file data.cif (mmCIF, C-alpha atoms)
data_query
#
loop_
_atom_site.group_PDB
_atom_site.id
_atom_site.type_symbol
_atom_site.label_atom_id
_atom_site.label_comp_id
_atom_site.auth_asym_id
_atom_site.auth_seq_id
_atom_site.Cartn_x
_atom_site.Cartn_y
_atom_site.Cartn_z
ATOM 1 C CA LEU B 9 184.197 -222.749 -110.800
ATOM 2 C CA ARG B 10 182.436 -222.314 -114.098
ATOM 3 C CA VAL B 11 185.473 -221.284 -116.229
ATOM 4 C CA GLY B 12 184.385 -219.008 -119.051
ATOM 5 C CA PRO B 13 186.415 -217.960 -122.110
ATOM 6 C CA ALA B 14 190.150 -218.712 -121.755
ATOM 7 C CA ASN B 15 192.828 -217.185 -123.991
ATOM 8 C CA ILE B 16 196.611 -217.087 -124.106
ATOM 9 C CA TRP B 17 198.024 -213.554 -124.220
ATOM 10 C CA HIS B 18 201.545 -213.112 -125.597
ATOM 11 C CA SER B 19 204.062 -210.275 -125.402
ATOM 12 C CA GLY B 20 205.399 -210.982 -128.891
ATOM 13 C CA GLY B 21 208.712 -212.237 -127.528
ATOM 14 C CA SER B 22 210.153 -215.729 -127.828
ATOM 15 C CA VAL B 23 210.344 -216.495 -124.118
ATOM 16 C CA LYS B 24 209.628 -220.111 -123.092
ATOM 17 C CA SER B 25 208.192 -221.375 -119.827
ATOM 18 C CA LEU B 26 209.056 -224.491 -117.864
ATOM 19 C CA ALA B 27 205.500 -224.534 -116.548
ATOM 20 C CA GLY B 28 204.488 -226.465 -119.664
ATOM 21 C CA GLY B 29 201.005 -226.961 -121.017
ATOM 22 C CA VAL B 30 199.429 -223.872 -122.512
ATOM 23 C CA LEU B 31 202.100 -221.727 -120.809
ATOM 24 C CA SER B 32 205.035 -223.471 -122.508
ATOM 25 C CA ASP B 33 205.408 -220.793 -125.194
ATOM 26 C CA GLY B 34 205.677 -218.040 -122.602
ATOM 27 C CA GLY B 35 202.117 -216.804 -122.706
ATOM 28 C CA VAL B 36 199.818 -215.726 -119.895
ATOM 29 C CA LEU B 37 196.493 -217.530 -119.546
ATOM 30 C CA VAL B 38 193.547 -215.149 -119.068
ATOM 31 C CA VAL B 39 190.258 -216.733 -117.990
ATOM 32 C CA ASP B 40 187.053 -214.707 -117.686
ATOM 33 C CA ASN B 41 184.017 -215.628 -115.580
ATOM 34 C CA ILE B 42 186.169 -218.056 -113.616
ATOM 35 C CA LEU B 43 183.848 -218.271 -110.597
ATOM 36 C CA SER B 44 180.182 -219.123 -110.353
ATOM 37 C CA ASP B 45 177.864 -216.281 -109.330
ATOM 38 C CA ALA B 46 177.385 -217.848 -105.894
ATOM 39 C CA ALA B 47 181.125 -218.279 -105.297
ATOM 40 C CA LEU B 48 181.886 -214.729 -106.428
ATOM 41 C CA ARG B 49 179.184 -213.312 -104.156
ATOM 42 C CA SER B 50 180.429 -215.326 -101.173
ATOM 43 C CA LEU B 51 184.037 -214.300 -101.757
ATOM 44 C CA ARG B 52 183.080 -210.637 -101.960
ATOM 45 C CA GLU B 53 181.125 -210.811 -98.709
ATOM 46 C CA PHE B 54 183.958 -212.662 -96.968
ATOM 47 C CA SER B 55 186.622 -210.286 -98.306
ATOM 48 C CA GLU B 56 184.746 -207.033 -97.735
ATOM 49 C CA LEU B 57 183.205 -207.715 -94.337
ATOM 50 C CA SER B 58 185.715 -209.915 -92.493
ATOM 51 C CA THR B 59 188.129 -208.408 -89.978
ATOM 52 C CA ILE B 60 191.138 -210.339 -91.302
ATOM 53 C CA TRP B 61 193.133 -207.543 -92.924
ATOM 54 C CA PHE B 62 196.043 -207.523 -90.502
ATOM 55 C CA LYS B 63 199.016 -206.871 -92.812
ATOM 56 C CA GLU B 64 199.589 -203.175 -93.546
ATOM 57 C CA TYR B 65 201.490 -201.917 -96.586
ATOM 58 C CA THR B 66 201.901 -198.414 -97.991
ATOM 59 C CA ASN B 67 198.986 -198.566 -100.450
ATOM 60 C CA TYR B 68 197.080 -201.682 -99.463
ATOM 61 C CA LEU B 69 196.121 -204.194 -96.790
ATOM 62 C CA GLY B 70 196.924 -207.885 -96.856
ATOM 63 C CA ALA B 71 195.051 -210.944 -95.593
ATOM 64 C CA MET B 72 196.924 -214.260 -95.440
ATOM 65 C CA MET B 73 195.641 -217.807 -95.138
ATOM 66 C CA TRP B 74 197.600 -218.293 -91.894
ATOM 67 C CA THR B 75 195.971 -215.237 -90.305
ATOM 68 C CA GLY B 76 192.345 -215.794 -91.250
ATOM 69 C CA PHE B 77 192.022 -215.653 -95.042
ATOM 70 C CA SER B 78 190.955 -219.272 -95.169
ATOM 71 C CA SER B 79 187.611 -220.943 -95.717
ATOM 72 C CA PRO B 80 186.091 -224.130 -97.176
ATOM 73 C CA LEU B 81 185.202 -222.121 -100.298
ATOM 74 C CA LEU B 82 188.842 -221.126 -100.906
ATOM 75 C CA ALA B 83 189.907 -224.774 -100.479
ATOM 76 C CA GLN B 84 187.209 -225.837 -102.946
ATOM 77 C CA ILE B 85 188.335 -223.220 -105.485
ATOM 78 C CA ALA B 86 191.933 -224.425 -105.221
ATOM 79 C CA GLN B 87 190.878 -228.028 -105.817
ATOM 80 C CA GLU B 88 188.647 -227.109 -108.753
ATOM 81 C CA LEU B 89 191.468 -225.051 -110.282
ATOM 82 C CA ARG B 90 193.597 -228.208 -110.336
ATOM 83 C CA GLN B 91 190.772 -230.075 -112.046
ATOM 84 C CA ALA B 92 190.185 -227.308 -114.596
ATOM 85 C CA PHE B 93 193.890 -226.892 -115.466
ATOM 86 C CA PRO B 94 195.511 -230.311 -114.880
ATOM 87 C CA ASP B 95 198.378 -229.658 -117.322
ATOM 88 C CA LEU B 96 199.461 -226.645 -115.237
ATOM 89 C CA LEU B 97 198.510 -227.509 -111.662
ATOM 90 C CA CYS B 98 198.165 -231.345 -111.544
ATOM 91 C CA ASP B 99 198.861 -232.304 -107.906
ATOM 92 C CA LEU B 100 201.095 -229.334 -107.094
ATOM 93 C CA GLN B 101 200.791 -228.388 -103.446
ATOM 94 C CA LEU B 102 198.880 -225.221 -102.648
ATOM 95 C CA GLN B 103 201.630 -223.130 -101.061
ATOM 96 C CA PHE B 104 199.858 -219.888 -100.218
ATOM 97 C CA VAL B 105 196.569 -218.061 -100.553
ATOM 98 C CA TRP B 106 196.320 -214.350 -99.844
ATOM 99 C CA ALA B 107 194.369 -211.256 -100.790
ATOM 100 C CA PHE B 108 195.289 -207.598 -101.102
ATOM 101 C CA LYS B 109 192.851 -204.706 -100.727
ATOM 102 C CA ILE B 110 193.952 -201.370 -102.217
ATOM 103 C CA THR B 111 193.371 -198.273 -100.074
ATOM 104 C CA ASP B 112 191.121 -195.433 -101.253
ATOM 105 C CA GLY B 113 192.732 -193.119 -103.797
ATOM 106 C CA ALA B 114 195.855 -195.229 -104.344
ATOM 107 C CA ARG B 115 197.233 -195.083 -107.887
ATOM 108 C CA GLU B 116 199.816 -197.818 -107.381
ATOM 109 C CA GLY B 117 199.532 -201.308 -105.932
ATOM 110 C CA ILE B 118 202.024 -204.142 -105.528
ATOM 111 C CA ASP B 119 205.577 -203.401 -106.700
ATOM 112 C CA THR B 120 207.508 -205.493 -109.226
ATOM 113 C CA HIS B 121 208.401 -208.915 -107.821
ATOM 114 C CA ALA B 122 208.427 -212.657 -108.495
ATOM 115 C CA ASP B 123 206.991 -215.353 -106.229
ATOM 116 C CA GLU B 124 208.427 -218.453 -104.556
ATOM 117 C CA ALA B 125 206.186 -220.975 -106.298
ATOM 118 C CA SER B 126 205.597 -222.688 -109.658
ATOM 119 C CA VAL B 127 202.334 -221.226 -110.938
ATOM 120 C CA ASN B 128 200.374 -218.104 -109.929
ATOM 121 C CA VAL B 129 196.613 -217.806 -110.187
ATOM 122 C CA ASN B 130 195.440 -214.234 -109.596
ATOM 123 C CA MET B 131 191.735 -213.319 -109.437
ATOM 124 C CA TRP B 132 189.897 -210.005 -109.204
ATOM 125 C CA ILE B 133 186.527 -209.752 -107.497
ATOM 126 C CA THR B 134 185.737 -206.003 -107.404
ATOM 127 C CA PRO B 135 182.841 -204.985 -109.733
ATOM 128 C CA ASP B 136 183.838 -203.354 -113.019
ATOM 129 C CA ASP B 137 181.722 -200.206 -112.361
ATOM 130 C CA GLU B 138 184.054 -199.387 -109.440
ATOM 131 C CA ASN B 139 186.996 -199.082 -111.856
ATOM 132 C CA LEU B 140 187.123 -195.631 -113.466
ATOM 133 C CA ASP B 141 189.528 -196.712 -116.229
ATOM 134 C CA VAL B 142 188.663 -199.952 -118.006
ATOM 135 C CA ASP B 143 192.143 -200.183 -119.518
ATOM 136 C CA SER B 144 193.903 -200.202 -116.157
ATOM 137 C CA GLY B 145 193.729 -201.729 -112.705
ATOM 138 C CA GLY B 146 195.072 -205.117 -113.724
ATOM 139 C CA LEU B 147 198.454 -206.812 -113.899
ATOM 140 C CA VAL B 148 201.696 -206.361 -115.861
ATOM 141 C CA VAL B 149 203.582 -209.648 -116.364
ATOM 142 C CA TYR B 150 207.068 -209.247 -117.827
ATOM 143 C CA ASP B 151 208.896 -211.744 -120.008
ATOM 144 C CA ALA B 152 211.752 -211.327 -117.530
ATOM 145 C CA SER B 153 212.095 -214.318 -115.216
ATOM 146 C CA VAL B 154 214.328 -215.110 -112.255
ATOM 147 C CA VAL B 155 214.805 -218.701 -113.479
ATOM 148 C CA GLY B 156 218.471 -219.479 -114.095
ATOM 149 C CA THR B 157 219.701 -216.515 -112.065
ATOM 150 C CA ASN B 158 221.395 -216.499 -108.675
ATOM 151 C CA LEU B 159 219.060 -213.816 -107.356
ATOM 152 C CA THR B 160 217.654 -214.232 -103.874
ATOM 153 C CA PHE B 161 214.036 -213.673 -102.827
ATOM 154 C CA ARG B 162 215.109 -210.335 -101.383
ATOM 155 C CA ASP B 163 216.773 -209.355 -104.682
ATOM 156 C CA TYR B 164 213.649 -209.813 -106.766
ATOM 157 C CA ASN B 165 211.246 -208.460 -104.178
ATOM 158 C CA SER B 166 212.998 -205.126 -103.699
ATOM 159 C CA PRO B 167 211.775 -201.860 -105.304
ATOM 160 C CA LEU B 168 212.927 -201.239 -108.861
ATOM 161 C CA HIS B 169 215.611 -198.631 -109.435
ATOM 162 C CA ASP B 170 218.296 -198.010 -112.038
ATOM 163 C CA GLY B 171 220.808 -200.818 -111.817
ATOM 164 C CA SER B 172 218.722 -203.081 -109.570
ATOM 165 C CA ALA B 173 218.766 -206.803 -110.366
ATOM 166 C CA SER B 174 215.117 -206.885 -111.411
ATOM 167 C CA GLU B 175 215.498 -203.767 -113.558
ATOM 168 C CA ARG B 176 218.436 -205.351 -115.387
ATOM 169 C CA LEU B 177 216.370 -208.467 -116.129
ATOM 170 C CA ILE B 178 213.497 -206.381 -117.442
ATOM 171 C CA GLU B 179 215.795 -204.264 -119.617
ATOM 172 C CA ALA B 180 217.492 -207.395 -120.996
ATOM 173 C CA THR B 181 214.131 -208.577 -122.378
ATOM 174 C CA GLY B 182 213.298 -205.209 -123.922
ATOM 175 C CA ARG B 183 210.704 -204.553 -121.203
ATOM 176 C CA ARG B 184 208.350 -206.898 -123.096
ATOM 177 C CA ASN B 185 205.279 -207.766 -121.093
ATOM 178 C CA VAL B 186 201.692 -208.909 -121.124
ATOM 179 C CA THR B 187 199.391 -206.268 -119.623
ATOM 180 C CA VAL B 188 196.002 -207.595 -118.520
ATOM 181 C CA PRO B 189 193.408 -204.960 -117.501
ATOM 182 C CA HIS B 190 191.183 -205.495 -114.482
ATOM 183 C CA ARG B 191 187.872 -207.275 -114.969
ATOM 184 C CA GLN B 192 185.715 -208.648 -112.219
ATOM 185 C CA ASN B 193 185.810 -212.456 -112.077
ATOM 186 C CA ARG B 194 188.911 -212.659 -114.285
ATOM 187 C CA ALA B 195 191.821 -214.990 -113.504
ATOM 188 C CA VAL B 196 195.380 -214.510 -114.737
ATOM 189 C CA ILE B 197 197.586 -217.618 -114.682
ATOM 190 C CA PHE B 198 201.354 -217.530 -115.290
ATOM 191 C CA GLU B 199 204.695 -218.931 -114.173
ATOM 192 C CA SER B 200 205.528 -217.577 -110.707
ATOM 193 C CA SER B 201 209.158 -216.781 -111.561
ATOM 194 C CA ARG B 202 208.148 -214.035 -114.004
ATOM 195 C CA LEU B 203 208.474 -210.496 -112.692
ATOM 196 C CA HIS B 204 205.112 -208.761 -112.381
ATOM 197 C CA HIS B 205 203.386 -205.797 -110.743
ATOM 198 C CA THR B 206 199.996 -204.137 -110.400
ATOM 199 C CA GLN B 207 198.941 -201.941 -113.316
ATOM 200 C CA SER B 208 198.149 -198.270 -112.608
ATOM 201 C CA LEU B 209 194.961 -197.819 -110.576
ATOM 202 C CA ASN B 210 191.942 -195.509 -110.739
ATOM 203 C CA PHE B 211 189.085 -196.873 -108.645
ATOM 204 C CA LYS B 212 186.208 -195.118 -106.932
ATOM 205 C CA THR B 213 186.504 -194.493 -103.198
ATOM 206 C CA GLY B 214 184.454 -196.328 -100.625
ATOM 207 C CA ILE B 215 184.653 -199.593 -98.732
ATOM 208 C CA ARG B 216 182.912 -201.601 -101.480
ATOM 209 C CA SER B 217 184.921 -199.966 -104.273
ATOM 210 C CA ARG B 218 188.388 -201.032 -103.231
ATOM 211 C CA ARG B 219 190.222 -203.288 -105.645
ATOM 212 C CA ILE B 220 190.637 -206.759 -104.144
ATOM 213 C CA ASN B 221 192.806 -209.408 -105.736
ATOM 214 C CA LEU B 222 193.220 -213.015 -104.625
ATOM 215 C CA THR B 223 196.394 -214.985 -105.245
ATOM 216 C CA PHE B 224 196.776 -218.770 -105.205
ATOM 217 C CA LEU B 225 200.378 -220.012 -105.383
ATOM 218 C CA PHE B 226 200.822 -223.629 -106.467
ATOM 219 C CA GLY B 227 203.940 -225.781 -106.243
ATOM 220 C CA HIS B 228 207.458 -225.321 -104.959
ATOM 221 C CA LYS B 229 209.671 -223.061 -107.046
ATOM 222 C CA GLY B 230 211.219 -225.078 -109.889
ATOM 223 C CA VAL B 231 208.767 -228.002 -109.723
ATOM 224 C CA TYR B 232 206.232 -228.263 -112.543
ATOM 225 C CA CYS B 233 203.565 -230.572 -113.950
ATOM 226 C CA PRO B 234 203.829 -233.452 -114.274
ATOM 227 C CA LYS B 235 205.825 -233.461 -111.031
ATOM 228 C CA ARG B 236 209.292 -232.832 -112.474
ATOM 229 C CA LEU B 237 212.292 -230.608 -111.824
#
call {"tool": "encode", "arguments": {"input": "data.cif", "output": "structure tokens"}}
result
Amino acid sequence: LRVGPANIWHSGGSVKSLAGGVLSDGGVLVVDNILSDAALRSLREFSELSTIWFKEYTNYLGAMMWTGFSSPLLAQIAQELRQAFPDLLCDLQLQFVWAFKITDGAREGIDTHADEASVNVNMWITPDDENLDVDSGGLVVYDASVVGTNLTFRDYNSPLHDGSASERLIEATGRRNVTVPHRQNRAVIFESSRLHHTQSLNFKTGIRSRRINLTFLFGHKGVYCPKRL
């Protein structure tokens, strides 16, 4: 890592986060130029050229660490993330690493959901010139959280519709959110229990133009730094 400018983005709401540290006031940490040039180049080559994209979704392909999306570089990045953000990640176990590659022409990506972890670190590695709309292509992170609810994983990973559990949570917080546009080599760090989804998409077509995001999930759900419930 080289960790460039880091800023907290807020929705304007008064939501608090159990994740602590710089996230305690409910913000989303946005870090630009997170990877060194060499690491970014290696990740792009690995992600674009490897035949590890086995999981098929409607608008994208998935690669998981247990089916090939694993390398010494990814392990090194995870360890250096802990060192760079000790107040958020400390010695939290790395639960999952995966990547999603959007298909050509798709205007939507991953639906609204929350994750079974403590802290999410999302990274984008596709070059900015491949994105036809600089204000889009990123991530929408809602103030709405599944903490303190009795919702199951299936409840908060089902498509939104009027009256759905996730929709009710989002409406209850006035739909407040932090919307972070896509930038190559940008990381977005937030509490995993917050509902979030891919922003609208408008990328060029072609194998090297597809939006690729990496996700590192740290910690068991409900366990935060320092190791506490």
call {"tool": "residues_around", "arguments": {"input": "data.cif", "residues": "segment 150-167 of chain B", "least_positions_apart": "2", "cutoff": "7 Å", "atoms": "all atoms listed in the file", "output": "ChimeraX atom specification"}}
result
/B:23,119-122,148,169,173-174,177-178,181,183-186,201-204
call {"tool": "resolve_selection", "arguments": {"input": "data.cif", "expression": "the PyMOL selection byres ((chain B and resi 22) around 9)", "output": "mmCIF file with C-alpha atoms, in the coordinates of the input"}}
result
data_model
loop_
_atom_site.group_PDB
_atom_site.id
_atom_site.type_symbol
_atom_site.label_atom_id
_atom_site.label_comp_id
_atom_site.auth_asym_id
_atom_site.auth_seq_id
_atom_site.Cartn_x
_atom_site.Cartn_y
_atom_site.Cartn_z
ATOM 1 C CA SER B 19 204.062 -210.275 -125.402
ATOM 2 C CA GLY B 20 205.399 -210.982 -128.891
ATOM 3 C CA GLY B 21 208.712 -212.237 -127.528
ATOM 4 C CA VAL B 23 210.344 -216.495 -124.118
ATOM 5 C CA LYS B 24 209.628 -220.111 -123.092
ATOM 6 C CA ASP B 33 205.408 -220.793 -125.194
ATOM 7 C CA GLY B 34 205.677 -218.040 -122.602
ATOM 8 C CA ASP B 151 208.896 -211.744 -120.008
#
call {"tool": "axis_aligned_box", "arguments": {"input": "data.cif", "around": "segment 196-206 of chain B", "padding_each_side": "5 Å", "output": "AutoDock Vina command-line options"}}
result
--center_x 202.3 --center_y -211.5 --center_z -112.8 --size_x 23.8 --size_y 24.8 --size_z 14.9
call {"tool": "resolve_selection", "arguments": {"input": "data.cif", "expression": "the PyMOL selection byres ((chain B and resi 194) around 9)", "output": "list in words"}}
result
Val38, Val39, Asp40, Asn41, Ile42, Leu43, Asn130, Met131, Trp132, Ile133, His190, Arg191, Gln192, Asn193, Ala195 and Val196 of chain B
call {"tool": "resolve_selection", "arguments": {"input": "data.cif", "expression": "the PyMOL selection byres ((chain B and resi 99-102) around 10)", "output": "ChimeraX atom specification"}}
result
/B:83,86-87,90-91,94-98,103-105,125-127,224-228,231-235
call {"tool": "atom_distance", "arguments": {"input": "data.cif", "atom1": "atom CA of Pro135 of chain B", "atom2": "atom CA of Gly35 of chain B"}}
result
26.1 Å
call {"tool": "closest_residue", "arguments": {"input": "data.cif", "among": "B:Arg115, B:Arg10, B:Arg49, B:Lys63", "to": "Thr213 of chain B", "atoms": "all atoms listed in the file"}}
result
B:Arg115
call {"tool": "atom_distance", "arguments": {"input": "data.cif", "atom1": "atom CA of Glu88 of chain B", "atom2": "atom CA of Ile16 of chain B"}}
result
20.0 Å
call {"tool": "atom_distance", "arguments": {"input": "data.cif", "atom1": "atom CA of Ala47 of chain B", "atom2": "atom CA of Asp143 of chain B"}}
result
25.5 Å
call {"tool": "closest_residue", "arguments": {"input": "data.cif", "among": "B:Ala114, B:Ala92, B:Leu37, B:Val149", "to": "Ser217 of chain B", "atoms": "all atoms listed in the file"}}
result
B:Ala114
